Amino acid sequence: MTTPAAGREAGELHVVGKGLPKVDAAAKVTGAIAYADDIDLPGMLFCKLLRSQHPYARIVSIDTSAARAMPGVVAVITGDDLPVKYGIMPTCEDELALEHEKVRFVGDPVAAVAAVDEETALAACRAIEVGYEPLEAVESIEQALVSPDDEPIHGYAGPANVHRLAALEFGDVDAGFAEAAHVREDVFFFEGNTHLPMEQHSATAQAVGDKVTLWSSTQDPHYVHRALAKVLGLPMGSVRVVAAPHGGGFGGKCDPFSHEIAVCKLSLMTGRPVKCTLTREEVFYTHRGRHPVLMWVRTGVDRDGRILAMHFRSALDGGAYGSYGPASTLYTGALQTTTYAIPAYRFEGARVFTNKAPCGPKRGHGTPQPRFALEVHLDKLAADLGIDPVELRRRNYVRPFTRTVNWLRITSCGLGEVTDRVLEASGYEHRVKRPGHGMGFAVSSYMCGAGLPIYWNTMPHSECILNVGRGGVTLLSGATDIGQGSDTVLATIAAEELGLSPGDIRLVTGDTGLTPVDLGSYSSRVTFMAGNAAREAAARMRELLVRAVAEEKGCAPDEVAVADGRIGLIAFEEAAALAEARFGALSTRGSYTPPQGIGGRYKGAGVGPSPAYSYSAAVVDLDADGRSGEIRVNKVWLGHDIGRSINELAVRGQVEGGVYMGLGEVLMEAQAYRDGLLRQPSMLDYKSLTFLDMPEVETILVETLDPEGPYGAKEVGQGPLLPVIPAVVSAVHEALGVWVDEVPVTPDKVVRALDARAKGKEPRYGPKSFPQIPYPPLVKVAPPDAATAAL
Amino acid sequence: MLRLPPCSYLRPGSVEEAAELLSRHGERAMLVAGGTDLVPKMKRGQMEPEVLIGLGHLAELRAVTETEEGGFLIGAGVTLAEVSAHRRLAAAYPAYVRAAALVSSPALRNVGTIGGNLCVDTRCNYYDMSFEWRQACGFCMKKDGDICRVAPASKRCRAIASSDTAPAAIALGASVVLAGPAGRRREVPVDGLYRDDGQYYLEKSADEVVESVRLPAPGSWCSSYVKVRRRNTIDFPLAGVAVALRRSGPLVDDCRIVLTAVGSRPFDVSAAAAPLIGRELTADVLAGADGLLAEVAAEAAKVAKPLDNADLHYVWRKQMTRRAVEQAIVEAAGRLPVPTGRA
Ligand SMILES: Cc1cc2nc3c(=O)[nH]c(=O)nc-3n(C[C@H](O)[C@H](O)[C@H](O)COP(=O)(O)OP(=O)(O)OC[C@H]3O[C@@H](n4cnc5c(N)ncnc54)[C@H](O)[C@@H]3O)c2cc1C
Ligand code: SF4
């Protein structure tokens with residue numbers, strides 16, 4: 001396939017690719033930015049939610065009279081006031097802002113109070129009397145698979161507490177196994193963990209008449225907007241959602257939430273602004289974090305280690321609600337094929353409901369768990385065959401511009417190059433092995449935005465409007481900067497097209513009342529999609545300006561250079577005046593819709609397709625103590641195929657952040673429960689890396705210039721996290737000779753694996769078996785034929 | 001965020017007055033020094049004092065003075081950061097200074113005091129939770145309830161003694177000066193300050209203020225403190241071991257071993273060190289030859305009976321106690337003046 005111009009050569013670019021400071025850096029470090037919780041409106045009330053203290057119980061009665069009678073309490077609402085169900089995925093709208101029939105986890109909201117201050121609101125919540133009839137709580141995947149004595153957690157799913165099942169086969173898997181010289185099976189477990197953003201969720205609503213505006217720390221104001229209109233029974237035009245400057249999301253602010261709905265309702269009822277800021281403990285309940293996933297994988301290879309067939313099973317502990325669950329389930333099976341050419345592939349997945357805080361998307365959504373399993377499994381396969389684990393991988397790497405067996409379109413792919421570069425930088429291949437020290441290697445791939453929207457529609461995924469006038473240059477985009485730097489990316493792209501600096505572009509973003517739509521900051525979609533929309537809008541503006549100058553000067557448009565604040569020889573402002581005089585108000589638009597045909601047509605094909613994939617490779621160097629099981633990571637080398645850096649500084653920041661988060665997940669983070677209650681709902685007890693635990697990271701960027709990315713750019717927000725986890729597990733194995741097939745790899749588990757070895761048992765810690773799951777009959781999908789497979 | 005419940009704050013003019021206020025207000029009152037332990041616990045409803053008696057402003061609690069006997073008297077209001085940065089203390093009492101430097105994080109050490117650290121509340125992950133969490137779980141006998149959640153058969157609370165500096169102070173033979181109302185003062189060994197009960201963990205009357213910590217002259221003692229925890233900062237000890245060693249000639253003449261975070265009080269398990277007495281700590285012994293260290297560590301760790309009320313698996317915590325004892329002996333030995341004739 002030919003590559004349409006991915007953009008000009010690097011030499012011709014003026015601001016794209018430079019490591020300029022983020023456009024909001026100064027405002028953030030000086031504290032000038034007002035985050036959601038900094039919003040303070042005249043007459044504002046404070047809201048607190050009363051939450052369930054039972055993992056699973058029927059609500060028999062709710063008595064709010066004592067709360068209502070308290071001085072300072074202005075309004076109290078319960079589920080009866082908000083009876084409309086919602087949920088991010090149209091197939092499982094199973095949430096109520098306030099439950100009134102039954103509660104499904106400790107932390108499930110039941111009532112909301114608006115009062116003159118937080119103390120009063122809290123006291124009023126404590127004064128609400130809820131009568132509960134406890135039901136037997138479901139605490140594990142295994143338990144969820146068995147028919148409950150009491151009713152299932154939700155009425156719409158099943159059997160037992162199964163939420164969702166999937167069974168897909170691409171190509172002839174049995175034939176592949178029959179042909180294989182060697183077949184290996186492994187079982188893995190990945191414990192759930194949470195996002196732990198520095199900023200707790202906060203939302204403030206202000207109603208005027210029957211219209212309401214919500215400011216919230218959300219990652220996708222558009223989906224919140226839809227949910228609010230639905231639950232409040234208002235036309236979309238009566239609801240406005242503004243994404244406030246953001247203190248970190250990582251996927252934890254992608255769902256519409258109870259507190260957002262409650263403040264809107266309370267504001268509509270009282271006519272006063274209402275704010276709700278969650279406590280840290282409530283953030284743990286709000287969750288939507290990484291699913292705990294049990295996995296079983298079986299792979300057949302030929303004598304040279306080439307994969308002939310793979311069968312992957314997953315079981316996800318979804319917690320109490322649907323959230324993004326159907327997508328999360330399919331993601332545990334979708335991206336195995338974007339790094340390795342697997343000719344025959346079977347995936348069976350299941351998500352179950354349990355009485356825990358609902359799981360959802362967290363950085364890497366549904367793919368870090370299978371990536372951990374897959375990479376460690378390949379290490380073990382390599383050892384079985386006596387093939388170097390890097391070499392085994394290379395023999396199976398996908399090639400650029402091909403189609404996978406599950407129909408995903410691969411375009412630019414720097415997998416080989418990121419591999420070469422991290423190996424070279426780390427000296428991995430020349431390492432001297434010694435006990436207690438290990439190095440590990442792994443690769444991964446991630447999407448640059450989901451190919452399909454969350455609700456079915458054929459409209460663009462990202463839209464931008466660019467205005468130029470006497471007030472300067474303003475870019476309007478629905479995109480939400482959650483700290484990942486999307487504002488910087490959009491400003492840089494617009495500036496590049498217009499020959500300006502990023503700081504010259506005023507941004508109005510994430511405001512459903514003012515900005516055209518953007519689906520949100522999830523699935524690493526913003527640089528690719530909003531970036532392309534911004535580029536289109538800016539290129540159209542550039543054309544107008546160039547035309548005006550060319551006409552004025554009587555030259556051809558292609559003789560007019562655009563750079564350094566000038567259009568031709570004329571200053572930008574003057575050129576803008578010329579254009580405005582000629583064409584009237586200067587406003588251009590850009591939109592982005594992912595191309596058709598980047599995925600398959602089977603049921604479930606909506607998850608996995610993306611206009612492009614990023615590629616990462618990691619090498620981890622660590623010391624592990626053969627007695628205490630303690631692990632000290634010395635250094636991580638992370639090679640990432642970024643397509644092209646729009647802002648190199650921001651890209652490196654994302655890589656380092658991804659490595660940080662990956663290390664936290666593999667070494668310590670766990671959203672774990674004991675008797676239906678969270679074990680560690682505080683930042684002291686929920687362990688994540690501190691400054692002093694964070695090793696050096698060497699980031700190596702590879703630019704493959706994706707044909708469809710803006711200037712060739714791809715994603716970096718999520719991908720670099722993925723290979724870190726298996727690389728650590730692999731390095732621990734090299735250091736100590738034991739496999740810990742369960743994440744997080746905590747020192748007590750390492751010691752148990754060491755003890756097992758000392759007793760002559762399998763030198764391993766991890767799940768022993770995979771449960772029987774009533775998967776449906778396989779949907780058999782013919783793989784693309786050879787002509788389609790080579791793009 | 002969690003809100004601090006209303007309470008009144010009293011600002012006594014002296015330690016003596018603080019003790020008098022304590023005695024006047026009785027159970028409704030609590031002392032607050034740095035507040036790093038107390039304030040978060042008040043927000044979670046674990047403690048509900050109506051009256052706080054502040055100590056932070058009292059200059060008389062903030063001095064570090066050298067005593068005539070060659071030891072040190074450290075005011076209870078001296079911060080952990082000040083102790084950590086004190087050169088002469090570091091030279092004389094490495095275990096104590098190391099322990100102070102390993103408490104929580106720099107920000108908390110800047111306000112947390114050594115008096116507060118000795119009196120720090122015992123910990124348990126059924127108890128160090130918000131009011132709502134504890135209500136959901138069912139309250140326990142340490143606060144608002146009547147049974148122990150982690151050990152339902154236990155007649156007493158099994159919350160974990162978590163002070164880092166207490167074991168070091170005990171190993172170094174330190175004592176505390178307690179000031180009561182009407183100028184009453186008494187001095188007790190630090191070891192005598194504790195009871196093996198997670199709920200009533202301090203052996204002092206409610207109206208006594210810890211005024212200072214007295215460290216005896218270091219003599220030829222060398223000491224060390226080893227802390228087991230998950231992360232390199234912030235975390236409370238999962239086990240802590242202080243060791244003080246003294247040598248006469250090449251032979252060990254005395255050895256003290258004190259553990260923290262393995263029960264409801266710090267444990268002086270110096271008797272376990274008996275096999276070391278009269279032995280020479282050669283490089284081979286320190287490297288584990290003839291199992292001497294392992295034997296001492298196994299004996300020392302016998303008192304450790306961890307339960308599932310702290311971080312990580314309790315079996316691992318027990319295993320790590322043994323290892324920490326060995327490490328602490330090795331570290332203390334490394335600080336001993338090397339006997340002549342050896343490299
Ligand atoms: C995140 C976090 C991590 C922590 N990590 C550690 C750790 O690793 N190791 C550790 O040991 N501690 C730790 N702590 C606890 C605490 O910070 C320290 O123990 C600190 O030294 C307490 O001192 P303070 O002055 O702040 O005590 P305060 O909070 O003021 O008081 C603590 C207790 O002592 C009493 N008290 C204070 N001064 C006196 C006095 N002079 N006489 C009598 N009673 C007194 C108070 O009434 C209260 O009961 C941690 C705390 C937090 C919040
Ligand atoms: S040890 Fe038992 S009584 Fe003490 S705090 Fe823990 S659960 Fe409560």
# chains A, B, ... in the order shown; residues from 1 in each chain; ligands from 1
>>> closest_atom_pairs(of="chain A", to="chain B", cutoff="9 Å", atoms="only C-alpha atoms", output="tab-separated table")
residue	atom	partner	partner_atom	distance
A:Arg51	CA	B:Glu132	CA	8.8
A:Ser52	CA	B:Ala136	CA	8.3
A:Gln53	CA	B:Ala136	CA	4.6
A:His54	CA	B:Ala136	CA	6.6
A:Val106	CA	B:Ala136	CA	7.8
A:Glu118	CA	B:Arg3	CA	8.1
A:Glu119	CA	B:Arg3	CA	7.0
A:Gln200	CA	B:Met1	CA	8.8
A:Thr277	CA	B:Met1	CA	7.3
A:Leu278	CA	B:Met1	CA	6.7
A:Thr279	CA	B:Met1	CA	4.5
A:Arg280	CA	B:Met1	CA	7.0
A:Glu281	CA	B:Ser130	CA	8.3
A:Arg627	CA	B:Arg323	CA	8.2
A:Ser628	CA	B:Met320	CA	6.6
A:Glu630	CA	B:Arg230	CA	8.6
A:Met668	CA	B:Arg230	CA	8.4
A:Asp675	CA	B:Cys137	CA	8.4
A:Gly676	CA	B:Cys137	CA	8.8
A:Leu677	CA	B:Cys137	CA	7.2
A:Leu678	CA	B:Trp133	CA	8.7
A:Arg679	CA	B:Asn125	CA	7.6
A:Gln680	CA	B:Asn125	CA	8.1
A:Pro681	CA	B:Met129	CA	8.1
A:Ser682	CA	B:Met129	CA	8.4
A:Leu684	CA	B:Asp235	CA	7.1
A:Asp685	CA	B:Asp311	CA	7.6
A:Lys687	CA	B:Arg230	CA	7.9
A:Ser688	CA	B:Arg231	CA	8.4
A:Leu689	CA	B:Arg231	CA	7.1
A:Thr690	CA	B:Arg231	CA	7.1
A:Phe691	CA	B:Thr233	CA	8.6
A:Leu692	CA	B:Asn232	CA	5.7
A:Asp693	CA	B:Asn232	CA	6.1
A:Thr746	CA	B:Leu312	CA	8.0
A:Pro747	CA	B:Trp316	CA	8.1
A:Asp748	CA	B:Trp316	CA	5.4
A:Lys749	CA	B:His313	CA	8.6
A:Val751	CA	B:Trp316	CA	7.6
A:Arg752	CA	B:Trp316	CA	8.7
>>> residues_around(residues="A:Asn355", least_positions_apart="5", cutoff="10 Å", atoms="only C-alpha atoms", output="MDAnalysis selection string")
chainID A and resid 54:57 103:106 108 136:140 144 153 317:321 676:677
>>> residues_near_ligand(ligand="ligand 1", cutoff="6 Å", atoms="only C-alpha atoms and all ligand atoms", output="PDB file with C-alpha atoms, in the first residue's frame")
ATOM      1  CA  LEU A 684      -1.539   4.915  52.782  1.00  0.00           C
TER       2      LEU A 684
ATOM      3  CA  MET B  30      -6.208  14.512  74.525  1.00  0.00           C
ATOM      4  CA  LEU B  31      -2.759  15.956  74.018  1.00  0.00           C
ATOM      5  CA  VAL B  32      -1.728  16.934  70.534  1.00  0.00           C
ATOM      6  CA  ALA B  33       1.858  17.530  69.506  1.00  0.00           C
ATOM      7  CA  GLY B  34       2.487  17.321  65.732  1.00  0.00           C
ATOM      8  CA  GLY B  35      -0.980  15.906  65.213  1.00  0.00           C
ATOM      9  CA  THR B  36       0.194  13.585  62.449  1.00  0.00           C
ATOM     10  CA  ASP B  37      -1.257  10.557  64.177  1.00  0.00           C
ATOM     11  CA  LEU B  38      -4.155  12.137  65.998  1.00  0.00           C
ATOM     12  CA  ALA B  76       9.225  15.376  73.642  1.00  0.00           C
ATOM     13  CA  VAL B 103       9.229   7.275  60.127  1.00  0.00           C
ATOM     14  CA  SER B 104       6.654   8.057  57.421  1.00  0.00           C
ATOM     15  CA  LEU B 108       5.294  14.264  58.378  1.00  0.00           C
ATOM     16  CA  GLY B 112       5.738  14.720  63.941  1.00  0.00           C
ATOM     17  CA  THR B 113       7.451  14.698  67.340  1.00  0.00           C
ATOM     18  CA  ILE B 114       9.423  12.074  69.221  1.00  0.00           C
ATOM     19  CA  GLY B 115       6.969  12.255  72.124  1.00  0.00           C
ATOM     20  CA  GLY B 116       4.077  11.646  69.789  1.00  0.00           C
ATOM     21  CA  ASN B 117       5.996   8.826  68.210  1.00  0.00           C
ATOM     22  CA  CYS B 119       2.721   7.441  72.198  1.00  0.00           C
ATOM     23  CA  VAL B 120       1.567   6.702  68.661  1.00  0.00           C
ATOM     24  CA  SER B 162       3.921   0.663  65.408  1.00  0.00           C
ATOM     25  CA  SER B 163       6.346   3.194  66.806  1.00  0.00           C
ATOM     26  CA  ASP B 164       9.690   3.052  65.054  1.00  0.00           C
ATOM     27  CA  VAL B 209       2.699  14.185  79.739  1.00  0.00           C
ATOM     28  CA  VAL B 210       5.807  12.676  78.181  1.00  0.00           C
ATOM     29  CA  GLU B 211       8.249  15.493  78.792  1.00  0.00           C
ATOM     30  CA  ILE B 234       5.551   6.618  54.160  1.00  0.00           C
ATOM     31  CA  ASP B 235       4.805   3.107  55.343  1.00  0.00           C
ATOM     32  CA  PHE B 236       4.535   2.025  58.966  1.00  0.00           C
ATOM     33  CA  PRO B 237       6.765  -0.874  59.980  1.00  0.00           C
TER      34      PRO B 237
END
>>> residues_near_ligand(ligand="ligand 2", cutoff="8 Å", atoms="only C-alpha atoms and all ligand atoms", output="PyMOL selection string")
chain B and resi 122-128+139-143+146-152+154+156-160+198-199+309
>>> atom_distance(atom1="atom CA of B:Ala90", atom2="atom CA of B:Thr165")
13.3 Å
>>> select_by_dssp(residues="stretch 596-668 of chain A", states="strand (DSSP E)", output="ChimeraX atom specification")
/A:613-624,631-641
